[in-house]
Each structure stands twice: as C-alpha cells, then as structure tokens.
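Structure file data_32.tsv (TSV, C-alpha atoms) follows.
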```tsv
chain	number	residue	atom	x	y	z
A	1	MET	CA	30.91	-133.49	45.82
A	2	ASP	CA	28.77	-130.73	47.34
A	3	PHE	CA	25.54	-132.38	48.49
A	4	ASP	CA	24.03	-129.10	49.61
A	5	ILE	CA	24.22	-127.70	46.07
A	6	ILE	CA	22.81	-130.93	44.58
A	7	PHE	CA	19.87	-130.88	47.03
A	8	LYS	CA	19.20	-127.20	46.51
A	9	GLU	CA	18.98	-127.79	42.74
A	10	LEU	CA	16.76	-130.84	43.18
A	11	LYS	CA	14.39	-128.98	45.52
A	12	GLU	CA	14.06	-126.16	43.00
A	13	GLU	CA	13.48	-128.56	40.10
A	14	ILE	CA	10.82	-130.51	42.00
A	15	THR	CA	9.03	-127.40	43.21
A	16	GLU	CA	8.93	-126.12	39.62
A	17	LEU	CA	7.67	-129.48	38.34
A	18	ALA	CA	4.89	-129.53	40.95
A	19	LYS	CA	3.86	-125.95	40.10
A	20	ASP	CA	3.95	-126.68	36.40
A	21	LYS	CA	2.03	-129.93	36.50
A	22	PHE	CA	-0.28	-129.48	39.45
A	23	ASN	CA	-0.61	-125.92	40.49
A	24	GLU	CA	-3.39	-126.28	43.09
A	25	GLN	CA	-1.51	-128.70	45.34
A	26	SER	CA	2.08	-127.81	44.55
A	27	ASN	CA	2.94	-126.89	48.15
A	28	ALA	CA	1.81	-130.24	49.51
A	29	ILE	CA	3.68	-132.10	46.77
A	30	ALA	CA	6.86	-130.05	47.28
A	31	GLN	CA	6.70	-130.77	51.04
A	32	ASP	CA	6.30	-134.50	50.36
A	33	MET	CA	9.22	-134.48	47.99
A	34	GLN	CA	11.48	-132.65	50.41
A	35	GLU	CA	10.89	-135.40	52.96
A	36	TYR	CA	11.83	-137.91	50.28
A	37	LEU	CA	14.98	-135.91	49.51
A	38	ALA	CA	16.10	-136.17	53.13
A	39	HIS	CA	15.93	-139.96	52.76
A	40	SER	CA	17.88	-139.73	49.49
A	41	LYS	CA	20.68	-137.82	51.16
A	42	GLU	CA	21.61	-140.86	53.28
A	43	LYS	CA	21.94	-143.01	50.15
A	44	LEU	CA	24.05	-140.46	48.32
A	45	GLN	CA	26.43	-140.18	51.25
A	46	LYS	CA	26.75	-143.98	51.44
A	47	TRP	CA	27.56	-144.21	47.71
A	48	ALA	CA	30.14	-141.45	48.00
A	49	LYS	CA	31.85	-143.47	50.76
A	50	LEU	CA	31.78	-146.67	48.63
A	51	PHE	CA	33.33	-144.75	45.75
A	52	LYS	CA	36.01	-143.28	47.98
A	53	ALA	CA	36.82	-146.78	49.28
A	54	GLN	CA	36.97	-147.96	45.61
A	55	SER	CA	34.21	-150.50	46.27
A	56	ILE	CA	32.36	-149.08	43.25
A	57	ASP	CA	33.84	-147.32	40.22
A	58	LYS	CA	32.94	-143.98	38.65
A	59	ASP	CA	30.45	-145.47	36.13
A	60	GLU	CA	28.66	-147.33	38.91
A	61	LEU	CA	28.54	-144.20	41.10
A	62	ILE	CA	27.11	-142.19	38.21
A	63	TRP	CA	24.47	-144.89	37.57
A	64	LEU	CA	23.43	-144.83	41.24
A	65	LEU	CA	23.21	-141.02	41.37
A	66	LYS	CA	21.16	-140.94	38.17
A	67	SER	CA	18.92	-143.73	39.46
A	68	GLN	CA	18.07	-141.65	42.52
A	69	LYS	CA	17.16	-138.74	40.29
A	70	ASP	CA	14.93	-141.10	38.24
A	71	LEU	CA	13.26	-142.30	41.45
A	72	LEU	CA	12.62	-138.69	42.46
A	73	LEU	CA	10.94	-138.15	39.11
A	74	LEU	CA	8.80	-141.28	39.53
A	75	LYS	CA	7.89	-140.21	43.06
A	76	SER	CA	6.90	-136.74	41.79
A	77	LEU	CA	4.70	-138.33	39.10
A	78	GLN	CA	3.13	-140.59	41.72
A	79	ASN	CA	2.33	-137.65	44.02
A	80	ILE	CA	0.86	-135.62	41.18
A	81	GLY	CA	-1.22	-138.62	40.05
A	82	VAL	CA	-2.52	-139.40	43.54
A	83	SER	CA	-3.62	-135.79	44.01
A	84	SER	CA	-5.40	-135.99	40.68
A	85	ILE	CA	-7.16	-139.21	41.75
A	86	SER	CA	-8.36	-137.50	44.97
A	87	ILE	CA	-9.92	-134.73	42.91
A	88	GLY	CA	-11.47	-137.39	40.65
A	89	HIS	CA	-13.04	-139.08	43.70
A	90	PHE	CA	-14.48	-135.76	44.83
A	91	LYS	CA	-15.96	-135.12	41.37
A	92	ASN	CA	-17.43	-138.63	41.27
A	93	LYS	CA	-19.07	-138.11	44.66
A	94	ILE	CA	-20.69	-134.90	43.43
A	95	VAL	CA	-21.91	-136.58	40.21
A	96	ASP	CA	-23.18	-139.57	42.18
A	97	THR	CA	-25.05	-137.43	44.71
A	98	VAL	CA	-26.72	-135.28	42.07
A	99	LEU	CA	-27.73	-138.21	39.88
A	100	SER	CA	-28.97	-140.32	42.80
A	101	LYS	CA	-31.37	-137.51	43.64
A	102	ILE	CA	-32.56	-137.32	40.03
A	103	VAL	CA	-33.15	-141.09	39.89
A	104	ALA	CA	-35.03	-140.97	43.20
A	105	GLN	CA	-37.28	-138.29	41.70
A	106	VAL	CA	-37.86	-140.30	38.52
A	107	GLN	CA	-38.69	-143.46	40.48
A	108	SER	CA	-41.10	-141.77	42.89
B	1	MET	CA	-37.90	-147.79	31.03
B	2	ARG	CA	-36.59	-145.56	28.25
B	3	VAL	CA	-36.02	-142.77	30.77
B	4	LYS	CA	-34.03	-145.16	32.99
B	5	MET	CA	-31.88	-146.35	30.10
B	6	SER	CA	-31.11	-142.80	28.98
B	7	LEU	CA	-30.27	-141.90	32.54
B	8	LEU	CA	-28.02	-144.93	32.92
B	9	ILE	CA	-26.10	-144.03	29.77
B	10	GLY	CA	-25.81	-140.46	31.01
B	11	VAL	CA	-24.51	-141.59	34.40
B	12	VAL	CA	-21.87	-143.85	32.93
B	13	ALA	CA	-20.75	-141.16	30.48
B	14	LEU	CA	-20.57	-138.53	33.21
B	15	MET	CA	-18.66	-140.76	35.60
B	16	LEU	CA	-16.21	-141.85	32.97
B	17	SER	CA	-15.58	-138.27	31.93
B	18	SER	CA	-15.14	-137.00	35.48
B	19	CYS	CA	-12.89	-139.64	36.96
B	20	ALA	CA	-9.12	-140.10	36.84
B	21	SER	CA	-7.78	-143.32	35.32
B	22	LEU	CA	-9.35	-146.48	36.66
B	23	TYR	CA	-7.61	-149.31	38.49
B	24	ASP	CA	-6.55	-152.04	36.05
B	25	HIS	CA	-5.92	-155.47	37.51
B	26	TYR	CA	-3.94	-156.58	34.44
B	27	THR	CA	-1.58	-153.60	34.88
B	28	TYR	CA	-1.25	-154.39	38.58
B	29	THR	CA	-0.36	-158.08	38.16
B	30	GLU	CA	1.85	-157.50	35.11
B	31	THR	CA	3.79	-154.77	36.91
B	32	ILE	CA	4.48	-157.19	39.76
B	33	ALA	CA	5.49	-159.89	37.25
B	34	THR	CA	7.82	-157.44	35.45
B	35	LYS	CA	9.36	-156.45	38.78
B	36	ILE	CA	10.09	-160.10	39.62
B	37	GLN	CA	11.48	-160.72	36.13
B	38	THR	CA	13.78	-157.66	36.41
B	39	LEU	CA	15.06	-158.37	39.91
B	40	SER	CA	15.71	-161.99	39.03
B	41	LEU	CA	17.82	-160.88	36.07
B	42	ILE	CA	19.73	-158.35	38.21
B	43	ASP	CA	20.62	-161.20	40.59
B	44	HIS	CA	22.54	-162.75	37.67
B	45	SER	CA	24.35	-159.61	36.60
B	46	ASP	CA	27.52	-160.70	38.39
B	47	GLU	CA	27.69	-163.32	35.62
B	48	ALA	CA	28.61	-162.66	31.97
B	49	TYR	CA	26.08	-160.52	30.06
B	50	THR	CA	26.40	-162.82	27.06
B	51	LEU	CA	25.08	-165.75	29.10
B	52	HIS	CA	21.78	-163.94	29.67
B	53	ARG	CA	20.95	-162.43	26.27
B	54	THR	CA	17.67	-164.37	25.96
B	55	GLU	CA	16.36	-163.19	29.37
B	56	ILE	CA	17.53	-159.63	28.64
B	57	ILE	CA	15.65	-159.52	25.33
B	58	ALA	CA	12.58	-161.02	27.04
B	59	LEU	CA	12.70	-158.27	29.68
B	60	GLN	CA	13.10	-155.52	27.07
B	61	ASN	CA	10.09	-156.92	25.20
B	62	GLN	CA	8.06	-157.05	28.39
B	63	LEU	CA	8.88	-153.38	29.15
B	64	GLN	CA	7.84	-152.37	25.63
B	65	LYS	CA	4.65	-154.44	25.88
B	66	MET	CA	3.65	-152.69	29.11
B	67	LEU	CA	4.29	-149.25	27.62
B	68	ALA	CA	2.25	-150.08	24.51
B	69	TYR	CA	-0.59	-151.41	26.71
B	70	GLU	CA	-0.64	-148.30	28.92
B	71	GLU	CA	-0.48	-145.96	25.92
B	72	GLY	CA	-3.69	-147.57	24.68
B	73	LYS	CA	-5.67	-146.36	27.70
B	74	ALA	CA	-7.34	-142.97	28.02
B	75	LYS	CA	-6.59	-140.57	30.92
B	76	ASN	CA	-3.50	-142.51	31.79
B	77	ASP	CA	-0.81	-139.84	31.42
B	78	ILE	CA	1.01	-140.48	34.72
B	79	THR	CA	1.31	-144.26	34.23
B	80	ILE	CA	2.43	-143.76	30.62
B	81	ARG	CA	5.15	-141.37	31.78
B	82	MET	CA	6.26	-143.91	34.39
B	83	TRP	CA	6.54	-146.73	31.82
B	84	ARG	CA	8.31	-144.40	29.39
B	85	LEU	CA	10.89	-143.79	32.07
B	86	LEU	CA	11.35	-147.54	32.56
B	87	ASN	CA	11.77	-147.89	28.78
B	88	ASN	CA	14.25	-145.00	28.49
B	89	ASP	CA	17.75	-146.10	27.37
B	90	GLU	CA	19.34	-143.49	29.67
B	91	LYS	CA	17.44	-144.43	32.83
B	92	LEU	CA	17.19	-147.13	35.49
B	93	ILE	CA	16.66	-150.58	33.90
B	94	LYS	CA	17.87	-149.98	30.35
B	95	SER	CA	20.94	-148.03	31.51
B	96	TYR	CA	21.66	-150.83	34.02
B	97	LEU	CA	21.54	-153.38	31.18
B	98	ALA	CA	23.79	-151.13	29.06
B	99	LEU	CA	26.33	-150.88	31.89
B	100	TRP	CA	26.22	-154.66	32.32
B	101	GLU	CA	26.82	-155.15	28.60
B	102	GLU	CA	29.66	-152.62	28.60
B	103	LYS	CA	31.45	-154.15	31.61
B	104	GLY	CA	30.62	-157.79	30.91
B	105	THR	CA	29.89	-158.44	34.60
B	106	LEU	CA	28.88	-156.18	37.49
B	107	SER	CA	30.29	-156.21	41.01
B	108	PRO	CA	28.26	-157.66	43.91
B	109	VAL	CA	28.69	-154.39	45.86
B	110	PHE	CA	27.18	-152.39	42.99
B	111	ILE	CA	24.40	-154.93	42.45
B	112	GLY	CA	23.58	-154.70	46.17
B	113	GLU	CA	23.12	-150.93	45.85
B	114	ALA	CA	21.44	-150.88	42.43
B	115	LYS	CA	18.85	-153.61	42.99
B	116	PRO	CA	16.88	-151.72	45.71
B	117	GLN	CA	16.77	-148.68	43.39
B	118	ILE	CA	15.06	-150.63	40.63
B	119	GLU	CA	12.86	-152.43	43.16
B	120	GLU	CA	11.72	-149.06	44.52
B	121	ALA	CA	10.88	-147.86	41.01
B	122	PHE	CA	8.50	-150.79	40.52
B	123	ASP	CA	7.08	-150.33	44.02
B	124	ILE	CA	6.15	-146.75	43.08
B	125	LEU	CA	4.29	-148.01	39.99
B	126	ILE	CA	2.54	-150.75	41.96
B	127	ALA	CA	1.53	-148.35	44.76
B	128	TYR	CA	0.21	-145.88	42.20
B	129	GLU	CA	-1.93	-148.51	40.47
B	130	GLU	CA	-3.33	-149.53	43.87
B	131	LYS	CA	-4.35	-145.92	44.49
B	132	LYS	CA	-6.24	-145.64	41.23
B	133	ASP	CA	-9.90	-145.30	41.00
B	134	LYS	CA	-11.34	-148.49	42.49
B	135	GLU	CA	-13.80	-146.19	44.21
B	136	ALA	CA	-15.19	-144.91	40.90
B	137	ALA	CA	-15.83	-148.45	39.69
B	138	ALA	CA	-17.58	-149.30	42.97
B	139	THR	CA	-19.66	-146.12	42.82
B	140	MET	CA	-20.72	-146.94	39.26
B	141	THR	CA	-21.75	-150.49	40.26
B	142	ASP	CA	-23.76	-149.17	43.23
B	143	PHE	CA	-25.45	-146.68	41.00
B	144	ILE	CA	-26.39	-149.29	38.38
B	145	ASN	CA	-27.76	-151.51	41.16
B	146	THR	CA	-29.86	-148.57	42.36
B	147	LEU	CA	-31.36	-148.25	38.88
B	148	LYS	CA	-32.16	-151.97	38.75
B	149	LYS	CA	-34.31	-151.75	41.90
```

Would you encode the structure as structure tokens?
Amino acid sequence: MDFDIIFKELKEEITELAKDKFNEQSNAIAQDMQEYLAHSKEKLQKWAKLFKAQSIDKDELIWLLKSQKDLLLLKSLQNIGVSSISIGHFKNKIVDTVLSKIVAQVQS
Amino acid sequence: MRVKMSLLIGVVALMLSSCASLYDHYTYTETIATKIQTLSLIDHSDEAYTLHRTEIIALQNQLQKMLAYEEGKAKNDITIRMWRLLNNDEKLIKSYLALWEEKGTLSPVFIGEAKPQIEEAFDILIAYEEKKDKEAAATMTDFINTLKK
C-alpha cells in the first residue's frame, strides 16, 4: 500500500473540490485540509498494521479507509460552509450599518 | 409609523437574503441525539445483527428524518450534503450497518477503530451547526429593538 500515492491523489482531489466550490478561499481551505491529511496518515498506518497482524480483515480495512475518505469530504464541506458563513457575517454587517444610518435619519 | 414598518420589512428581507443559513437549535440537539443513538448501537455490534433489528430500523428512520428536515430549509446546501452522506448506503453509518448484517457480528478491534470515525463525522456536523449564523439572528433582533425605540 503506497501511502504517498494515496495522499497525493487526495490532496489533488481536495484542492480541486475547494477551487470548484469556493474559488475565493480555495488556498486557505486546501491548507486546512492538508493539515487534516497529516493527521489521517497516522490512522491509515495504524490500520495497515492491524490488517497485517490479522486483527482486522480486508472488508474491515476497506471500511476504515473509505470512512476516512468520507470524513475528509465532510471536513471539506465544513470548511467551505464556514468560509461562506464568514462572508455572510460580513454582508450582514454592511447591511446593518447602512440601514442603521437610514433609520437614524428617519427618526431624527 | 408606515415608514418604519416598510423599513422593518425591508431590513428583514435584506438580512435574510444576504446571510448564510441560520443556526437551528432543533438541528443542533437532534444531531447530538442521533450521534448518541448511533454510537450506542455501534457498542452492540459485537452482538448478532438480528438481535438489534428494531434499533437499526429506528436509526435509519432517524437519519432519513434529519435529511428530510434539512432539505426543507433554504440556503442549507452544506448541511444537506452532510446528511446525504450520512444517509448514503455506501458510506459511514449505512455501510457499517451493511457490514454488520453481512458478517453477523463485528470484532471488538474493528469496532474500536470504526466508532471514533463515526463519532468524528457527527462532531463535524455539530461543530458546523454551532458556527452557523447566530450572529445574524442577534443583529436582526438588535435592529428590530432599535426600530422600537
């Protein structure tokens, strides 16, 4: 099992996903995800050892590997969503500031 | 008075159209409840699948209920995608249940590795809901209070 190839593919997939879904902040998201991948690597190595020691079988190993990929997808969605919320907050602040001024004018 | 009312309607409409999805306390508490329900079931997956059919069906129904609820909300694309993943037969929970059914029982070593994976999935959903737009709701309340003065 070549972890370097798996990680290279995952990095590329995540970078593409970030660019596709959230172009403006794709670099920050990709950076975040690469840190998460480093954490994933430890798990994958542990599972490979358990499989080698026959503590888990092939089906179980496959489930675990797929589950990590699913978690990476969830984490990507979370990062994209959080960035979107930050932009939403910024927009709300602008709307609030503008309208507060208008109301102040109306009330005066 | 009429001017104020028109302005208030305008403010609410503008804020709703500009913000990302809002924090939903029902989603938050139900996600935690679903997490507990799932992890509790996983704890029993070293026992025969057939002994737990009722709880398994209840969990599948709960997952579907959450997806249907989230799909009913506007500007909720990320959360919907997350719940779709949790409802996908090929992924995380449903594929875990399928493996359990196929094997009859699962090994404690595997359960020990799989459980934190599913726990982390729910933690991502919970953390995301916490990050949602509480601030927008607070801003809207402040603004309405300003108009009342």

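Distances here use all atoms listed in the file; by that measure, the residue among B:Glu101, B:Glu30, B:Glu90, B:Glu71 closest to chain A is B:Glu90.
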
**Q.** Selection: 12 Å around A:Lys52, all atoms listed in the file, excl. self and same-chain fewer than 6 positions, as a ChimeraX atom specification
**A.** /A:1,45-46,58,61

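The interatomic distance for the pair atom CA of B:His52 and atom CA of B:Lys35 works out to 17.1 Å.
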
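Of note, atom CA of B:Thr38 and atom CA of A:Ile62 are spaced 20.5 Å apart.
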
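The gap separating atom CA of B:Pro116 from atom CA of B:Ile57 is 21.9 Å, in Å to one decimal.
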
Q. Of the residues B:Leu97, B:Leu59, B:Leu67, B:Ile111, which is the one nearest to B:Ile36, using all atoms listed in the file?
A. B:Leu59

Q.
Which residues are near B:Ile93? Cut-off 10 Å, only C-alpha atoms, ignore same chain within fewer than 2 positions. Put them as a PyMOL selection string.
A. (chain A and resi 67) or (chain B and resi 38-39+42+59-60+63+85-91+95-99+114-115+117-118+121)

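Minimum atom-to-atom distances from B:Met66, B:Leu106, B:Leu22, B:Ile80 to B:His44 were compared using only C-alpha atoms, and the lowest value belongs to B:Leu106.
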
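Counting all atoms listed in the file, the residue from B:Glu102, B:Asp46, B:Glu70, B:Glu119 that sits nearest to B:Thr27 is B:Glu70.
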
Q: Please check which residues have atoms at most 12 Å from (2.5, -156.1, 39.5) in the file's coordinates, counting only C-alpha atoms, and write them as a count of residues only.
A: 27

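The shortest atom-to-atom distance to B:Arg81, with all atoms listed in the file taken into account, belongs to B:Ala68 out of B:Ala68, B:Pro108, B:Asn61, B:Ile56.
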
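Residue nearest chain A within the list B:Thr105, B:Thr54, B:Gln62, B:Ser21: B:Ser21 [criterion: smallest interatomic distance, all atoms listed in the file].
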